[in-house]
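Shown here: input01.txt, compact mmCIF, C-alpha atoms.
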# COMPACT_ATOMS: atom_id res chain seq x y z
CA MET A 1 -116.65 34.01 7.31
CA ARG A 2 -113.28 33.36 8.81
CA ASN A 3 -110.48 33.09 6.31
CA LYS A 4 -108.84 29.67 6.16
CA SER A 5 -105.22 29.47 7.02
CA ILE A 6 -103.01 28.99 4.05
CA LEU A 7 -100.12 26.56 4.50
CA HIS A 8 -96.98 28.16 3.15
CA ILE A 9 -94.19 25.80 2.02
CA PRO A 10 -90.93 27.67 2.26
CA HIS A 11 -88.70 27.74 -0.82
CA ARG A 12 -85.14 26.56 -0.60
CA SER A 13 -83.00 29.62 -0.36
CA SER A 14 -79.78 30.25 -2.28
CA GLY A 15 -77.87 30.00 1.00
CA GLY A 16 -79.02 26.41 1.34
CA ALA A 17 -77.62 25.60 -2.05
CA ARG A 18 -74.16 26.87 -1.03
CA GLY A 19 -74.32 24.79 2.10
CA GLY A 20 -74.67 21.62 0.01
CA GLN A 21 -71.53 22.40 -1.91
CA THR A 22 -69.33 22.80 1.20
CA PRO A 23 -68.06 19.16 1.43
CA LYS A 24 -67.11 19.23 -2.24
CA ARG A 25 -65.13 22.43 -1.77
CA ILE A 26 -63.35 20.99 1.27
CA PHE A 27 -62.36 17.92 -0.74
CA ILE A 28 -60.99 20.08 -3.57
CA LEU A 29 -59.02 22.27 -1.18
CA PHE A 30 -57.57 19.22 0.61
CA THR A 31 -56.55 17.68 -2.70
CA VAL A 32 -54.80 20.88 -3.78
CA PHE A 33 -52.99 21.06 -0.43
CA VAL A 34 -51.77 17.44 -0.67
CA LEU A 35 -50.54 17.98 -4.23
CA ALA A 36 -48.71 21.16 -3.25
CA LEU A 37 -47.11 19.44 -0.24
CA PHE A 38 -46.00 16.48 -2.36
CA SER A 39 -44.57 18.83 -4.98
CA PHE A 40 -42.60 20.75 -2.32
CA MET A 41 -41.21 17.57 -0.79
CA SER A 42 -40.20 16.25 -4.18
CA CYS A 43 -38.34 19.41 -5.08
CA SER A 44 -36.52 19.66 -1.75
CA GLU A 45 -35.60 15.97 -1.53
CA ASP A 46 -31.90 15.13 -1.84
CA ARG A 47 -31.62 13.34 -5.15
CA VAL A 48 -27.96 12.32 -4.75
CA THR A 49 -28.20 8.54 -4.56
CA ASP A 50 -26.11 5.56 -5.54
CA SER A 51 -28.32 5.05 -8.59
CA TYR A 52 -26.81 8.15 -10.20
CA GLN A 53 -23.48 7.64 -11.95
CA VAL A 54 -21.32 10.75 -12.01
CA HIS A 55 -18.36 9.16 -13.81
CA PRO A 56 -18.08 6.40 -16.42
CA SER A 57 -17.87 2.84 -15.15
CA ASN A 58 -14.18 2.54 -16.12
CA TRP A 59 -13.23 5.87 -14.58
CA MET A 60 -10.66 4.26 -12.24
CA ASP A 61 -9.18 1.83 -14.78
CA PRO A 62 -5.85 3.26 -16.04
CA TYR A 63 -6.03 1.01 -19.10
CA SER A 64 -9.44 2.26 -20.17
CA GLN A 65 -10.17 5.10 -22.59
CA GLU A 66 -12.50 6.45 -19.90
CA TRP A 67 -9.70 6.63 -17.30
CA HIS A 68 -9.99 9.77 -15.17
CA GLY A 69 -6.32 10.64 -15.63
CA THR A 70 -6.97 11.42 -19.30
CA ALA A 71 -9.58 14.00 -18.33
CA ALA A 72 -7.28 15.47 -15.68
CA LEU A 73 -4.37 15.79 -18.09
CA GLY A 74 -6.54 17.14 -20.88
CA SER A 75 -8.01 19.95 -18.81
CA LYS A 76 -4.92 20.48 -16.63
CA GLY A 77 -7.05 19.79 -13.59
CA GLN A 78 -9.75 22.35 -14.37
CA SER A 79 -12.46 19.72 -14.83
CA CYS A 80 -11.48 18.10 -11.53
CA ALA A 81 -11.48 21.38 -9.61
CA GLU A 82 -15.16 21.92 -10.37
CA CYS A 83 -16.04 19.23 -7.81
CA HIS A 84 -12.85 18.05 -6.09
CA ASN A 85 -10.15 19.64 -4.01
CA VAL A 86 -7.20 19.32 -6.37
CA SER A 87 -4.73 20.63 -3.81
CA THR A 88 -1.85 18.25 -3.11
CA SER A 89 -0.31 17.50 0.27
CA LEU A 90 2.50 19.89 -0.64
CA GLY A 91 0.02 22.73 -0.55
CA GLY A 92 -0.10 23.47 -4.27
CA VAL A 93 -2.31 22.94 -7.29
CA PHE A 94 -1.99 23.05 -11.04
CA PRO A 95 -0.28 26.38 -11.80
CA ASP A 96 -3.29 27.65 -13.76
CA VAL A 97 -6.07 26.17 -11.63
CA LEU A 98 -7.60 28.01 -8.71
CA PRO A 99 -9.80 25.66 -6.66
CA PRO A 100 -13.09 26.97 -5.32
CA ASP A 101 -13.73 27.72 -1.70
CA PRO A 102 -13.30 24.49 0.31
CA GLN A 103 -16.86 24.83 1.55
CA GLU A 104 -18.12 24.68 -2.04
CA TYR A 105 -16.64 21.30 -3.02
CA VAL A 106 -19.32 18.99 -4.35
CA SER A 107 -17.18 15.94 -3.48
CA ASP A 108 -15.13 15.41 -0.33
CA VAL A 109 -12.72 13.18 -2.28
CA ALA A 110 -9.41 14.96 -2.89
CA CYS A 111 -6.91 13.89 -5.55
CA SER A 112 -4.24 13.57 -2.86
CA ASN A 113 -6.31 10.88 -1.13
CA CYS A 114 -4.84 8.40 -3.60
CA HIS A 115 -1.82 9.97 -5.25
CA SER A 116 0.25 13.09 -5.61
CA TYR A 117 -1.34 14.24 -8.85
CA PRO A 118 -2.10 17.06 -9.74
CA HIS A 119 1.46 18.23 -9.13
CA VAL A 120 2.68 21.56 -7.95
CA SER A 121 4.80 23.60 -10.32
CA ASN A 122 8.04 22.69 -8.47
CA TYR A 123 7.07 19.07 -7.87
CA THR A 124 10.13 17.66 -9.69
CA ALA A 125 12.49 19.10 -7.09
CA ASN A 126 10.35 18.10 -4.10
CA HIS A 127 8.86 14.76 -5.14
CA PRO A 128 11.39 12.58 -3.22
CA VAL A 129 10.23 14.14 0.05
CA HIS A 130 6.60 13.75 -0.88
CA ILE A 131 6.97 10.07 -1.85
CA LEU A 132 8.99 9.39 1.29
CA ASN A 133 6.21 10.90 3.43
CA PHE A 134 3.92 8.20 2.06
CA GLU A 135 6.59 5.51 2.73
CA TRP A 136 6.81 4.94 -1.04
CA GLN A 137 3.29 3.51 -1.11
CA ASN A 138 2.23 6.00 -3.80
CA LEU A 139 5.17 5.25 -6.10
CA ALA A 140 3.16 2.76 -8.17
CA SER A 141 0.56 5.44 -8.89
CA CYS A 142 3.19 7.28 -10.97
CA GLN A 143 2.84 4.53 -13.57
CA SER A 144 -0.74 5.58 -14.29
CA CYS A 145 0.50 8.74 -16.01
CA HIS A 146 4.16 8.05 -16.76
CA GLY A 147 3.71 4.50 -18.05
CA VAL A 148 4.49 1.08 -16.61
CA ASP A 149 8.09 1.55 -17.72
CA PHE A 150 8.14 5.20 -16.52
CA ALA A 151 9.17 6.26 -20.03
CA GLY A 152 6.46 8.92 -20.33
CA GLY A 153 3.17 7.16 -20.93
CA ARG A 154 0.13 9.41 -21.23
CA SER A 155 1.90 12.34 -19.63
CA GLY A 156 4.70 12.41 -22.19
CA SER A 157 7.15 13.18 -19.36
CA SER A 158 9.77 10.46 -18.81
CA CYS A 159 11.08 9.61 -15.36
CA LEU A 160 14.08 7.85 -16.91
CA THR A 161 15.85 11.13 -17.60
CA CYS A 162 16.93 11.21 -13.96
CA HIS A 163 16.26 7.62 -12.87
CA THR A 164 18.83 5.94 -15.11
CA GLU A 165 19.11 2.67 -13.17
CA PRO A 166 17.53 -0.49 -14.65
CA GLY A 167 13.87 -0.30 -13.70
CA GLY A 168 13.92 3.47 -13.37
CA PRO A 169 12.10 4.62 -10.21
CA ALA A 170 11.25 0.96 -9.51
CA ALA A 171 14.92 0.08 -8.94
CA CYS A 172 15.66 -1.15 -5.41
CA ILE A 173 18.18 1.62 -4.74
CA THR A 174 15.51 4.28 -5.31
CA CYS A 175 13.97 3.56 -1.92
CA HIS A 176 16.39 1.56 0.19
CA GLY A 177 19.37 0.10 -1.64
CA MET A 178 20.08 -3.55 -2.30
CA PRO A 179 20.22 -4.66 0.44
CA PRO A 180 18.95 -1.72 2.50
CA ILE A 181 21.89 -0.01 4.19
CA GLU A 182 20.13 3.26 4.97
CA PRO A 183 17.16 3.77 7.31
CA ILE A 184 13.91 2.63 5.73
CA GLY A 185 11.55 5.44 6.57
CA SER A 186 11.89 5.79 10.34
CA ILE A 187 13.24 2.24 10.82
CA PRO A 188 17.01 1.52 10.98
CA PRO A 189 18.35 -0.93 8.35
CA GLY A 190 19.40 -3.43 11.03
CA ALA A 191 21.34 -6.46 9.81
CA HIS A 192 20.42 -6.10 6.15
CA GLY A 193 24.08 -5.59 5.30
CA ALA A 194 24.99 -8.94 6.85
CA HIS A 195 22.55 -10.63 4.47
CA SER A 196 23.83 -9.02 1.29
CA ARG A 197 24.49 -12.30 -0.54
CA TYR A 198 20.97 -13.61 -0.02
CA ALA A 199 17.93 -12.89 -2.16
CA CYS A 200 15.22 -10.68 -0.69
CA THR A 201 12.76 -13.56 -1.05
CA GLU A 202 14.58 -15.49 1.69
CA CYS A 203 12.82 -13.27 4.21
CA HIS A 204 10.26 -11.28 2.19
CA SER A 205 7.65 -12.61 -0.21
CA ASN A 206 6.49 -10.89 -3.38
CA VAL A 207 9.36 -8.50 -3.95
CA ASP A 208 9.44 -8.79 -7.74
CA ASP A 209 7.77 -5.44 -8.45
CA LEU A 210 6.26 -2.37 -6.80
CA SER A 211 3.37 -4.41 -5.41
CA HIS A 212 5.52 -5.35 -2.43
CA ILE A 213 5.41 -1.78 -1.09
CA ASP A 214 3.19 -1.44 1.95
CA ALA A 215 3.25 0.18 5.36
CA LEU A 216 6.37 -0.19 7.48
CA PRO A 217 7.70 -2.28 9.10
CA ALA A 218 8.14 -4.67 6.19
CA ASP A 219 6.40 -8.03 6.31
CA VAL A 220 8.63 -11.00 7.03
CA ALA A 221 7.54 -14.25 5.40
CA PHE A 222 9.46 -17.31 4.23
CA ASN A 223 7.02 -18.40 1.52
CA ASP A 224 9.63 -18.16 -1.25
CA ALA A 225 12.67 -19.14 0.83
CA HIS A 226 15.23 -21.71 -0.27
CA ILE A 227 17.73 -21.50 2.58
CA SER A 228 15.72 -20.29 5.57
CA ASN A 229 13.81 -23.56 5.59
CA ALA A 230 16.59 -25.85 4.27
CA ASN A 231 16.66 -29.46 5.42
CA GLY A 232 13.09 -29.14 6.66
CA PHE A 233 13.91 -26.53 9.29
CA PRO A 234 10.65 -25.25 10.87
CA ASN A 235 11.32 -21.56 10.35
CA SER A 236 9.25 -18.88 12.01
CA TYR A 237 9.21 -15.17 12.73
CA THR A 238 8.08 -13.44 15.92
CA PRO A 239 7.16 -9.79 15.22
CA ASP A 240 8.45 -6.97 17.35
CA PRO A 241 5.60 -5.57 19.50
CA SER A 242 7.08 -2.08 19.14
CA GLU A 243 6.83 -2.39 15.32
CA LEU A 244 10.43 -1.21 14.89
CA GLY A 245 11.44 -4.21 12.82
CA ASN A 246 13.37 -5.96 15.62
CA GLY A 247 11.48 -9.25 15.44
CA THR A 248 13.07 -12.63 16.06
CA CYS A 249 13.88 -15.06 13.23
CA ALA A 250 14.13 -18.80 13.69
CA THR A 251 15.67 -20.12 10.47
CA TYR A 252 18.10 -22.74 9.23
CA CYS A 253 20.60 -19.92 8.70
CA HIS A 254 20.59 -19.25 12.44
CA SER A 255 20.60 -22.71 13.94
CA ASP A 256 22.95 -25.31 15.40
CA LEU A 257 22.35 -27.57 12.35
CA HIS A 258 20.15 -29.79 14.53
CA GLN A 259 17.02 -27.68 14.18
CA GLY A 260 17.96 -25.92 17.38
CA ALA A 261 18.89 -22.36 18.26
CA PRO A 262 22.38 -21.01 17.44
CA LEU A 263 25.01 -20.93 20.16
CA VAL A 264 25.08 -17.12 19.98
CA ALA A 265 21.77 -15.28 19.75
CA VAL A 266 21.72 -12.75 16.91
CA GLU A 267 20.15 -9.30 17.19
CA TRP A 268 18.64 -7.69 14.13
CA ALA A 269 18.58 -4.14 15.45
CA THR A 270 22.33 -3.96 16.03
CA GLY A 271 23.18 -5.28 12.58
CA GLN A 272 25.13 -8.07 14.24
CA THR A 273 27.22 -10.29 11.95
CA ILE A 274 28.39 -13.75 13.07
CA THR A 275 32.11 -13.92 12.29
CA GLN A 276 33.07 -17.23 13.87
CA CYS A 277 31.91 -20.78 13.41
CA ARG A 278 31.13 -21.23 17.09
CA GLY A 279 28.48 -18.53 16.78
CA CYS A 280 26.17 -21.15 15.32
CA HIS A 281 27.54 -24.60 16.15
CA GLN A 282 30.44 -26.38 17.78
CA VAL A 283 33.73 -26.87 15.92
CA PRO A 284 33.41 -29.55 14.81
CA PRO A 285 29.62 -29.96 15.06
CA THR A 286 28.64 -32.49 17.72
CA ALA A 287 28.64 -36.22 17.01
CA PRO A 288 26.96 -38.41 15.92
CA PHE A 289 25.58 -35.84 13.50
CA HIS A 290 29.10 -34.92 12.43
CA PRO A 291 32.52 -36.66 12.48
CA THR A 292 34.93 -35.66 15.21
CA GLU A 293 37.50 -34.39 12.69
CA ASN A 294 37.93 -30.66 13.26
CA ARG A 295 39.93 -29.87 10.11
CA CYS A 296 37.02 -28.73 7.97
CA HIS A 297 38.84 -28.64 4.63
CA PHE A 298 39.24 -32.42 4.63
CA CYS A 299 35.55 -32.72 3.72
CA HIS A 300 34.60 -29.17 2.77
CA PRO A 301 36.73 -27.96 -0.16
CA HIS A 302 35.49 -24.38 0.15
CA VAL A 303 37.38 -24.03 3.50
CA ASP A 304 40.93 -22.67 3.36
CA PRO A 305 43.33 -25.49 4.37
CA ASN A 306 45.63 -22.88 5.93
CA SER A 307 43.00 -22.00 8.52
CA ASN A 308 44.00 -21.97 12.18
CA TYR A 309 41.64 -24.54 13.63
CA ASN A 310 42.67 -23.63 17.17
CA ASP A 311 40.77 -20.36 16.80
CA ALA A 312 37.27 -20.28 15.33
CA ASN A 313 37.92 -16.70 14.19
CA GLU A 314 40.79 -17.95 11.99
CA ILE A 315 38.78 -20.46 9.97
CA ARG A 316 38.63 -18.99 6.46
CA PHE A 317 36.57 -19.77 3.39
CA LEU A 318 37.87 -19.94 -0.14
CA ASP A 319 34.30 -19.46 -1.34
CA PRO A 320 32.00 -18.00 1.35
CA SER A 321 28.96 -18.45 -0.90
CA LEU A 322 29.21 -22.23 -0.31
CA HIS A 323 28.68 -21.80 3.43
CA VAL A 324 25.18 -21.38 4.93
CA ASN A 325 23.67 -21.86 1.50
CA GLY A 326 21.17 -24.57 2.36
CA VAL A 327 23.33 -27.36 0.92
CA VAL A 328 25.97 -29.51 2.60
CA ASN A 329 28.93 -28.96 0.29
CA ALA A 330 31.13 -31.90 1.25
CA THR A 331 33.33 -34.48 -0.38
CA PHE A 332 34.49 -37.39 1.74
CA PRO A 333 38.07 -38.72 1.50
Now that the file is in, can you turn its structure into structure tokens?
Amino acid sequence: MRNKSILHIPHRSSGGARGGQTPKRIFILFTVFVLALFSFMSCSEDRVTDSYQVHPSNWMDPYSQEWHGTAALGSKGQSCAECHNVSTSLGGVFPDVLPPDPQEYVSDVACSNCHSYPHVSNYTANHPVHILNFEWQNLASCQSCHGVDFAGGRSGSSCLTCHTEPGGPAACITCHGMPPIEPIGSIPPGAHGAHSRYACTECHSNVDDLSHIDALPADVAFNDAHISNANGFPNSYTPDPSELGNGTCATYCHSDLHQGAPLVAVEWATGQTITQCRGCHQVPPTAPFHPTENRCHFCHPHVDPNSNYNDANEIRFLDPSLHVNGVVNATFP
């Protein structure tokens, strides 16, 4: 009798079981890879952002206890040198501070970007040259350490030992004289000497303190004038395109008394001084604005009655301050 075929049902092999676990293993490996990649990117990412505050909020306020100058003075620049180039424009540093290699600076902000501190060991002898190189614009920064009155302040070193004039280093003669009679930086003083009896504010605004210092040439503005715009004169200033301070002024001081130009044009660059009456107006000034009497002292008591009225150069003043002062000083007989 023929044997019947037996149907064999194959058993699932162990290899089949591993095959079912393959997708799960792929998922695990992918997850590990993503986590490793994220971890690497996080560690290598530049974390220097604006949300991090390196210094206290009042670090730049000289009146705050957190002012950076206190830290600089306390450590003699050592704490600054860890991140900043403390070298000054004179090529020196604190005597006992050796800055790191320039390539290793954490910050590209140098102390000399704003002021001349830290000082070199021989700074006292050379500081006039250094301040002049900055056209005096960094003079106000001295007050941060030496005090508003330059008497020593936080530094304990007084500037008044050498600067004995009223105001100390802030005195006008420290930079340019009063009025300027020496070159101001690279710019000649011009006709400043001819204006010696007038206040600086006749031509320059905001000259009460060191805040008026800015880049040359100096700004000309008649905001605080009392004579330049007398009698409603429409004063104006035309700057010099070459920026050498040779601009043109149109003021009451230089007019024909009729809101017109003077008879002789003045030149600032040459320091020209008008020495005769006919430089500005006729003698006597034209009618009907003025009487035809040419003997000035009859109405103007500040004019010398012994003047030679046949020659405008021989008309003298008993009190020159009463002439071109914005007021008509006259008494009528």
Sphere at (21.2, -9.9, 17.6), radius 8 Å, counting only C-alpha atoms: residues as a list in words: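 Protein and nucleic acid residues near the point are Ala265, Val266, Glu267, Trp268, Ala269, Thr270, Gly271 and Gln272 of chain A.
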Quick one: contact table of stretch 157-213 of chain A to stretch 247-262 of chain A, 12 Å max, nearest atom pair and distance in Å to one decimal per residue, counting all atoms listed in the file, chain and number order, as a Markdown table?
| residue | atom | partner | partner_atom | distance |
| --- | --- | --- | --- | --- |
| A:Gly190 | CA | A:Gly247 | CA | 10.8 |
| A:Ala191 | CA | A:Gly247 | CA | 11.7 |
| A:Ala194 | CA | A:Cys253 | CA | 12.0 |
| A:His195 | CA | A:Cys253 | CA | 10.4 |
| A:Tyr198 | CA | A:Cys253 | CA | 10.8 |
| A:Glu202 | CA | A:Thr251 | CA | 10.0 |
| A:Cys203 | CA | A:Cys249 | CA | 9.3 |
Residue list as a PyMOL selection string for point (-7.5, 10.0, -22.4), cut-off 12 Å, all atoms listed in the file: chain A and resi 58-59+61-75+144-145+153-155
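The space between atom CA of A:Val264 and atom CA of A:His281 spans 8.8 Å.
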Point-to-point distance from atom CA of A:Ile187 to atom CA of A:Leu216, Å rounded to tenths: 8.0 Å
Minimum-distance residue to A:His212, chosen among A:Gln137, A:Asn122, A:Ser242, A:Thr164 (using only C-alpha atoms):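 Closest residue, counting only C-alpha atoms: A:Gln137.
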Straight-line distance linking atom CA of A:Phe332 with atom CA of A:His300, stated in Å to one decimal: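 These atoms are spaced 8.3 Å apart.
Comparing A:Thr275, A:Asn231, A:Thr124, A:Ser141 by their smallest distance to A:Cys159, the closest is A:Thr124 (using all atoms listed in the file).
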Long-range neighbours of A:Arg316 as a list in words, 9 Å cut-off, only C-alpha atoms, 3 positions minimum in chain: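 Non-adjacent residues within range: His302, Val303, Asp304, Pro305, Asn306, Ser307, Asn308, Asn313, Asp319 and Pro320 of chain A.
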Among listed residues A:Pro241, A:Gly326, A:Pro169, A:Pro180, nearest A:Pro128 (using all atoms listed in the file): A:Pro169
